[in-house]
Amino acid sequence: MSGTRGKLLTIQQHIIERQKLHHPDASGEFSWLLSGITLATKVIADHVRRAGLHDVLGSADQINVQGEEVQKLDLIANETIMACLGYRGNVGIMVSEEDDKPTIIQELNGAAKYIVLFDPLDGSSNIDVNVSIGTIFSILHRVEGVDSSKVMDHILQPGYKQIAAGYVVYGSSTVMAYTTGDGVHMFTLDPSIGAYCLSHESVRMPETGKTYSVNEAYRSQFPQGIQEYLEWAKSEEAAYSLRYIGSLVADFHRTLLRGGVFLYPPTTKTPGGKLRLLYEANPMAMLAEQAGGAASDGKMRILDKVPTALHERTPLIIGSRSEVDRVLSYL
Ligand code: AHM
Ligand code: MG
């Protein structure tokens, strides 16, 4: 990770600079799309910051397609992203954790070639208690040669096909991390000027880290190998620390910067895991790999999984490469 002290660069300038370097022929459409995401997350950050003062905390008295209670802020975040991206011209389809079906903005064609998949506000259980939450996004290109009416064929692409991924964590500051396959870059929102400014360029995840992050209350429901790994991590020999916030974005953000491993294994209650492949595991896996880390479902690389359903879930083991390998060695 390189420091950027003395250099003030907004996310828009950074995208343009990197494009000039790596894609000199780029049309600028992609930066236009990303600027929609930065706009949406600034609006969401503003709602999150003032949540206690307005009537936006608590449940919206709805259950979403995942069978989970929808919070008012979940809905605001979802609508904000739809509003900011839906009119960008080049977005054809949007897929949200909150919606049971994809939203077709316009037919996928040469001009509308992007598919945006997102979790508008991840870590719902932390919204009301002032603990870090986040937004996660993944961007796909339509599949060349596939008829635009075959919407699911365009959406259900394996994670290695993502052309960009990122998240925003609404924590003690608002930070955006994104990758377009050219390393991971981080920007901190400067609220006084309303701009995301570069804070870490080409972030590298530490190769190791003596921290594991898991909801250990489910321990007796985890596969035997995971239970044995946890036993080892707590042993005198290993002496790992445990950190678990309960917001994937915040737990991943810490793991990215400090190293260690985050796990959401299968449980007897959720044998397929809890986290969603398309808009939680895939974008985080792309970021992890781009920063030198790894992500697996326990059997295979997350980015190689071929999705079969929009809201498919997956077990997730993600973090520093050697920590992920160590967990896998117990399975
Ligand atoms: P959400 O998208 O409904 O907020 O659920 C996903 C969240 C993740 O942020 C977090 O890693 C996990 O659920 C926590 O689950 P649990 O409360 O079972 O530990
Ligand atoms: Mg989520």
# chains A, B, ... in the order shown; residues from 1 in each chain; ligands from 1
call {"tool": "select_by_dssp", "arguments": {"residues": "range 33-195 of chain A", "states": "strand (DSSP E or B)", "output": "ChimeraX atom specification"}}
result
/A:59-63,69-71,91-96,103-104,114-122,133-141,164-170,174-179,184-190,195
call {"tool": "closest_atom_pairs", "arguments": {"of": "range 167-224 of chain A", "to": "range 236-243 of chain A", "cutoff": "9 Å", "atoms": "only C-alpha atoms", "output": "Markdown table"}}
result
| residue | atom | partner | partner_atom | distance |
| --- | --- | --- | --- | --- |
| A:Gly209 | CA | A:Tyr240 | CA | 8.5 |
| A:Lys210 | CA | A:Tyr240 | CA | 4.8 |
| A:Thr211 | CA | A:Ser241 | CA | 4.7 |
| A:Tyr212 | CA | A:Leu242 | CA | 5.2 |
| A:Ser213 | CA | A:Arg243 | CA | 5.1 |
| A:Val214 | CA | A:Arg243 | CA | 7.6 |
call {"tool": "write_last_selection", "arguments": {"atoms": "C-alpha atoms", "output": "PDB file, in the first residue's frame"}}
result
ATOM      1  CA  GLY A 209      -2.577 -11.991   9.616  1.00  0.00           C
ATOM      2  CA  LYS A 210      -3.313 -13.499  13.002  1.00  0.00           C
ATOM      3  CA  THR A 211      -7.012 -12.582  13.050  1.00  0.00           C
ATOM      4  CA  TYR A 212     -10.027 -14.722  12.223  1.00  0.00           C
ATOM      5  CA  SER A 213     -13.482 -13.296  11.708  1.00  0.00           C
ATOM      6  CA  VAL A 214     -16.537 -15.518  12.015  1.00  0.00           C
TER       7      VAL A 214
END
call {"tool": "select_by_dssp", "arguments": {"residues": "range 98-278 of chain A", "states": "helix (DSSP H, G or I)", "output": "number ranges by chain"}}
result
A: 124-129, 151-155, 159-161, 216-221, 224-234, 248-258, 277-278
call {"tool": "residues_near_ligand", "arguments": {"ligand": "ligand 1", "cutoff": "6 Å", "atoms": "only C-alpha atoms and all ligand atoms", "output": "list in words"}}
result
Asp122, Gly123, Ser124, Asn215, Gly246, Ser247 and Leu248 of chain A
call {"tool": "write_last_selection", "arguments": {"atoms": "N, CA and C atoms", "output": "short mmCIF file (atom, residue, chain, number, x, y, z; two decimals), in the first residue's frame"}}
result
data_model
loop_
_atom_site.label_atom_id
_atom_site.label_comp_id
_atom_site.auth_asym_id
_atom_site.auth_seq_id
_atom_site.Cartn_x
_atom_site.Cartn_y
_atom_site.Cartn_z
N ASP A 122 -25.41 -3.25 3.05
CA ASP A 122 -25.05 -4.52 3.65
C ASP A 122 -24.80 -4.35 5.15
N GLY A 123 -25.23 -5.36 5.91
CA GLY A 123 -25.03 -5.31 7.37
C GLY A 123 -26.26 -4.72 8.04
N SER A 124 -27.43 -5.07 7.50
CA SER A 124 -28.69 -4.47 7.97
C SER A 124 -28.86 -4.51 9.49
N ASN A 215 -18.84 -15.68 12.79
CA ASN A 215 -19.85 -15.70 13.85
C ASN A 215 -19.75 -17.04 14.57
N GLY A 246 -20.01 -8.19 11.91
CA GLY A 246 -21.34 -8.62 11.47
C GLY A 246 -21.82 -7.84 10.26
N SER A 247 -20.93 -6.99 9.69
CA SER A 247 -21.17 -6.35 8.38
C SER A 247 -20.04 -6.84 7.50
N LEU A 248 -20.38 -7.57 6.45
CA LEU A 248 -19.33 -8.11 5.58
C LEU A 248 -18.38 -7.01 5.10
#
call {"tool": "residues_near_ligand", "arguments": {"ligand": "ligand 2", "cutoff": "10 Å", "atoms": "only C-alpha atoms and all ligand atoms", "output": "list in words"}}
result
Asp74, Ser96, Glu97, Glu98, Phe118, Asp119, Pro120, Leu121, Asp122, Gly123, Ser124, Ser125, Ile133, Gly134, Thr135, Ile136, Ser247, Leu248, Val249, Lys274, Leu275, Arg276, Tyr279, Glu280 and Ala281 of chain A
call {"tool": "write_last_selection", "arguments": {"atoms": "N, CA and C atoms", "output": "mmCIF file, in the first residue's frame"}}
result
data_model
loop_
_atom_site.group_PDB
_atom_site.id
_atom_site.type_symbol
_atom_site.label_atom_id
_atom_site.label_comp_id
_atom_site.auth_asym_id
_atom_site.auth_seq_id
_atom_site.Cartn_x
_atom_site.Cartn_y
_atom_site.Cartn_z
ATOM 1 N N ASP A 74 -32.480 0.423 4.030
ATOM 2 C CA ASP A 74 -32.250 -0.502 2.906
ATOM 3 C C ASP A 74 -32.999 0.012 1.685
ATOM 4 N N SER A 96 -30.514 -6.171 -7.617
ATOM 5 C CA SER A 96 -30.331 -5.733 -6.238
ATOM 6 C C SER A 96 -30.687 -6.845 -5.267
ATOM 7 N N GLU A 97 -29.987 -6.861 -4.140
ATOM 8 C CA GLU A 97 -30.329 -7.835 -3.097
ATOM 9 C C GLU A 97 -31.782 -7.655 -2.652
ATOM 10 N N GLU A 98 -32.270 -6.439 -2.732
ATOM 11 C CA GLU A 98 -33.611 -6.162 -2.213
ATOM 12 C C GLU A 98 -34.743 -6.540 -3.162
ATOM 13 N N PHE A 118 -25.812 -5.255 -7.116
ATOM 14 C CA PHE A 118 -25.414 -4.590 -5.872
ATOM 15 C C PHE A 118 -26.213 -5.009 -4.648
ATOM 16 N N ASP A 119 -25.551 -4.847 -3.509
ATOM 17 C CA ASP A 119 -26.217 -4.948 -2.213
ATOM 18 C C ASP A 119 -26.251 -3.507 -1.718
ATOM 19 N N PRO A 120 -27.425 -2.869 -1.737
ATOM 20 C CA PRO A 120 -27.457 -1.428 -1.461
ATOM 21 C C PRO A 120 -26.975 -1.062 -0.064
ATOM 22 N N LEU A 121 -27.357 -1.860 0.928
ATOM 23 C CA LEU A 121 -26.907 -1.568 2.295
ATOM 24 C C LEU A 121 -26.663 -2.884 3.009
ATOM 25 N N ASP A 122 -25.406 -3.249 3.051
ATOM 26 C CA ASP A 122 -25.050 -4.520 3.655
ATOM 27 C C ASP A 122 -24.800 -4.348 5.149
ATOM 28 N N GLY A 123 -25.233 -5.360 5.908
ATOM 29 C CA GLY A 123 -25.032 -5.312 7.366
ATOM 30 C C GLY A 123 -26.257 -4.717 8.037
ATOM 31 N N SER A 124 -27.431 -5.066 7.502
ATOM 32 C CA SER A 124 -28.689 -4.470 7.969
ATOM 33 C C SER A 124 -28.860 -4.508 9.490
ATOM 34 N N SER A 125 -28.366 -5.582 10.112
ATOM 35 C CA SER A 125 -28.598 -5.702 11.552
ATOM 36 C C SER A 125 -27.824 -4.625 12.322
ATOM 37 N N ILE A 133 -21.702 -0.027 8.212
ATOM 38 C CA ILE A 133 -22.454 -0.764 7.193
ATOM 39 C C ILE A 133 -21.858 -0.385 5.833
ATOM 40 N N GLY A 134 -22.375 -0.935 4.757
ATOM 41 C CA GLY A 134 -21.735 -0.620 3.484
ATOM 42 C C GLY A 134 -22.596 -0.908 2.271
ATOM 43 N N THR A 135 -22.091 -0.521 1.115
ATOM 44 C CA THR A 135 -22.714 -0.817 -0.179
ATOM 45 C C THR A 135 -21.705 -1.637 -0.971
ATOM 46 N N ILE A 136 -22.165 -2.686 -1.655
ATOM 47 C CA ILE A 136 -21.247 -3.514 -2.456
ATOM 48 C C ILE A 136 -21.748 -3.501 -3.902
ATOM 49 N N SER A 247 -20.931 -6.993 9.689
ATOM 50 C CA SER A 247 -21.174 -6.352 8.382
ATOM 51 C C SER A 247 -20.040 -6.845 7.500
ATOM 52 N N LEU A 248 -20.383 -7.567 6.447
ATOM 53 C CA LEU A 248 -19.329 -8.106 5.577
ATOM 54 C C LEU A 248 -18.376 -7.009 5.104
ATOM 55 N N VAL A 249 -18.944 -5.872 4.701
ATOM 56 C CA VAL A 249 -18.105 -4.792 4.168
ATOM 57 C C VAL A 249 -17.055 -4.364 5.196
ATOM 58 N N LYS A 274 -24.589 -18.258 3.857
ATOM 59 C CA LYS A 274 -25.578 -17.165 3.961
ATOM 60 C C LYS A 274 -25.357 -16.094 2.901
ATOM 61 N N LEU A 275 -24.098 -15.825 2.597
ATOM 62 C CA LEU A 275 -23.796 -14.670 1.745
ATOM 63 C C LEU A 275 -24.128 -14.963 0.287
ATOM 64 N N ARG A 276 -24.506 -13.923 -0.418
ATOM 65 C CA ARG A 276 -24.952 -14.072 -1.803
ATOM 66 C C ARG A 276 -23.757 -14.009 -2.757
ATOM 67 N N TYR A 279 -23.610 -10.554 -5.610
ATOM 68 C CA TYR A 279 -23.353 -9.162 -5.211
ATOM 69 C C TYR A 279 -22.702 -9.038 -3.834
ATOM 70 N N GLU A 280 -22.286 -10.161 -3.230
ATOM 71 C CA GLU A 280 -21.498 -10.074 -1.995
ATOM 72 C C GLU A 280 -20.160 -10.808 -2.200
ATOM 73 N N ALA A 281 -20.226 -12.131 -2.435
ATOM 74 C CA ALA A 281 -18.979 -12.912 -2.523
ATOM 75 C C ALA A 281 -18.145 -12.550 -3.761
#
call {"tool": "residues_around", "arguments": {"residues": "His253 in chain A", "least_positions_apart": "4", "cutoff": "10 Å", "atoms": "only C-alpha atoms", "output": "short mmCIF file (atom, residue, chain, number, x, y, z; two decimals) with C-alpha atoms, in the first residue's frame"}}
result
data_model
loop_
_atom_site.label_atom_id
_atom_site.label_comp_id
_atom_site.auth_asym_id
_atom_site.auth_seq_id
_atom_site.Cartn_x
_atom_site.Cartn_y
_atom_site.Cartn_z
CA TYR A 167 -17.65 -1.33 -1.95
CA VAL A 168 -18.22 1.70 0.19
CA VAL A 169 -17.93 1.37 3.95
CA VAL A 175 -14.31 4.94 2.19
CA MET A 176 -14.72 3.55 -1.31
CA ALA A 177 -12.54 0.71 -2.61
CA SER A 247 -21.17 -6.35 8.38
CA LEU A 248 -19.33 -8.11 5.58
CA VAL A 249 -18.10 -4.79 4.17
CA LEU A 257 -5.92 -3.66 5.31
CA ARG A 258 -4.71 -5.74 8.24
CA GLY A 259 -4.72 -9.30 6.92
CA MET A 284 -15.24 -9.13 -2.53
CA ALA A 288 -9.27 -9.83 -2.52
CA GLY A 319 -8.63 -12.98 3.15
#
call {"tool": "atom_distance", "arguments": {"atom1": "CA of Glu79 in chain A", "atom2": "CA of Leu34 in chain A"}}
result
17.0 Å
call {"tool": "residues_around", "arguments": {"residues": "Gly194 in chain A", "least_positions_apart": "3", "cutoff": "12 Å", "atoms": "only C-alpha atoms", "output": "NGL selection string"}}
result
:A and (10-11 or 38-39 or 41-43 or 45-46 or 174 or 188-191 or 197)
call {"tool": "residues_around", "arguments": {"residues": "Asn90 in chain A", "least_positions_apart": "4", "cutoff": "12 Å", "atoms": "only C-alpha atoms", "output": "list in words"}}
result
Ser27, Gly28, Glu29, Phe30, Ser31, Trp32, Leu33, Leu34, Gly36, Leu85, Gly86, Met94, Ile105, Gln106, Glu107, Leu108, Asn109, Gly110, Ala111, Ala112, Lys113, Tyr114, Ile115, Val116, Ile139, Leu140, His141 and Arg142 of chain A
call {"tool": "write_last_selection", "arguments": {"atoms": "C-alpha atoms", "output": "mmCIF file, in the first residue's frame"}}
result
data_model
loop_
_atom_site.group_PDB
_atom_site.id
_atom_site.type_symbol
_atom_site.label_atom_id
_atom_site.label_comp_id
_atom_site.auth_asym_id
_atom_site.auth_seq_id
_atom_site.Cartn_x
_atom_site.Cartn_y
_atom_site.Cartn_z
ATOM 1 C CA SER A 27 -14.773 5.950 -24.552
ATOM 2 C CA GLY A 28 -15.233 7.332 -21.041
ATOM 3 C CA GLU A 29 -18.541 5.485 -20.677
ATOM 4 C CA PHE A 30 -17.219 3.381 -17.871
ATOM 5 C CA SER A 31 -16.079 6.391 -15.844
ATOM 6 C CA TRP A 32 -19.534 7.850 -16.379
ATOM 7 C CA LEU A 33 -21.009 4.677 -14.873
ATOM 8 C CA LEU A 34 -18.654 4.751 -11.885
ATOM 9 C CA GLY A 36 -23.128 7.266 -10.870
ATOM 10 C CA LEU A 85 -27.631 4.598 -12.268
ATOM 11 C CA GLY A 86 -30.900 3.972 -14.040
ATOM 12 C CA MET A 94 -29.692 -3.802 -12.468
ATOM 13 C CA ILE A 105 -33.650 -0.454 -17.681
ATOM 14 C CA GLN A 106 -33.325 -0.950 -21.413
ATOM 15 C CA GLU A 107 -32.486 -3.696 -23.840
ATOM 16 C CA LEU A 108 -28.828 -4.705 -23.665
ATOM 17 C CA ASN A 109 -27.163 -3.431 -26.799
ATOM 18 C CA GLY A 110 -23.995 -1.692 -27.959
ATOM 19 C CA ALA A 111 -24.894 1.478 -26.074
ATOM 20 C CA ALA A 112 -26.363 -0.177 -22.970
ATOM 21 C CA LYS A 113 -23.747 -2.782 -22.320
ATOM 22 C CA TYR A 114 -23.369 -2.840 -18.548
ATOM 23 C CA ILE A 115 -25.078 -4.911 -15.874
ATOM 24 C CA VAL A 116 -24.790 -3.602 -12.317
ATOM 25 C CA ILE A 139 -20.212 -4.739 -12.832
ATOM 26 C CA LEU A 140 -20.552 -7.137 -15.745
ATOM 27 C CA HIS A 141 -20.510 -6.614 -19.456
ATOM 28 C CA ARG A 142 -23.323 -8.137 -21.542
#
call {"tool": "residues_around", "arguments": {"residues": "range 64-73 of chain A", "least_positions_apart": "3", "cutoff": "9 Å", "atoms": "only C-alpha atoms", "output": "PyMOL selection string"}}
result
chain A and resi 44+47-48+51+55-61+76-78+97-100+121+124-125+127+311
call {"tool": "atom_distance", "arguments": {"atom1": "CA of Gln224 in chain A", "atom2": "CA of Asp251 in chain A"}}
result
23.6 Å
call {"tool": "closest_residue", "arguments": {"among": "A:Leu287, A:Glu17, A:Ala250, A:Arg49", "to": "Thr180 in chain A", "atoms": "only C-alpha atoms"}}
result
A:Leu287
call {"tool": "closest_residue", "arguments": {"among": "A:Ser138, A:Thr308, A:Gln157, A:Ser199", "to": "His14 in chain A", "atoms": "only C-alpha atoms"}}
result
A:Ser199
call {"tool": "closest_residue", "arguments": {"among": "A:Gly272, A:Val327, A:Gly159, A:Phe187", "to": "Arg301 in chain A", "atoms": "only C-alpha atoms"}}
result
A:Gly159
call {"tool": "atom_distance", "arguments": {"atom1": "CA of Ala26 in chain A", "atom2": "CA of Met152 in chain A"}}
result
27.2 Å
call {"tool": "residues_around", "arguments": {"residues": "Ser320 in chain A", "least_positions_apart": "4", "cutoff": "7 Å", "atoms": "only C-alpha atoms", "output": "PyMOL selection string"}}
result
chain A and resi 205-209+259-261+293-294+324
call {"tool": "closest_residue", "arguments": {"among": "A:Pro315, A:Gly52, A:Pro283, A:Gly92", "to": "Ile226 in chain A", "atoms": "only C-alpha atoms"}}
result
A:Pro315
call {"tool": "decode", "arguments": {"residues": "range 39-52 of chain A", "atoms": "C-alpha atoms", "output": "CSV table (one decimal), in the first residue's frame"}}
result
chain,number,residue,atom,x,y,z
A,39,LEU,CA,-23.0,10.0,-6.5
A,40,ALA,CA,-25.3,7.3,-5.1
A,41,THR,CA,-23.0,6.4,-2.2
A,42,LYS,CA,-22.6,10.0,-1.3
A,43,VAL,CA,-26.3,10.4,-1.0
A,44,ILE,CA,-26.5,7.1,1.0
A,45,ALA,CA,-23.6,8.3,3.3
A,46,ASP,CA,-25.5,11.5,4.0
A,47,HIS,CA,-28.6,9.5,5.0
A,48,VAL,CA,-26.5,7.2,7.2
A,49,ARG,CA,-24.8,10.1,8.9
A,50,ARG,CA,-28.0,11.8,9.9
A,51,ALA,CA,-30.1,8.6,10.4
A,52,GLY,CA,-30.9,9.2,14.0
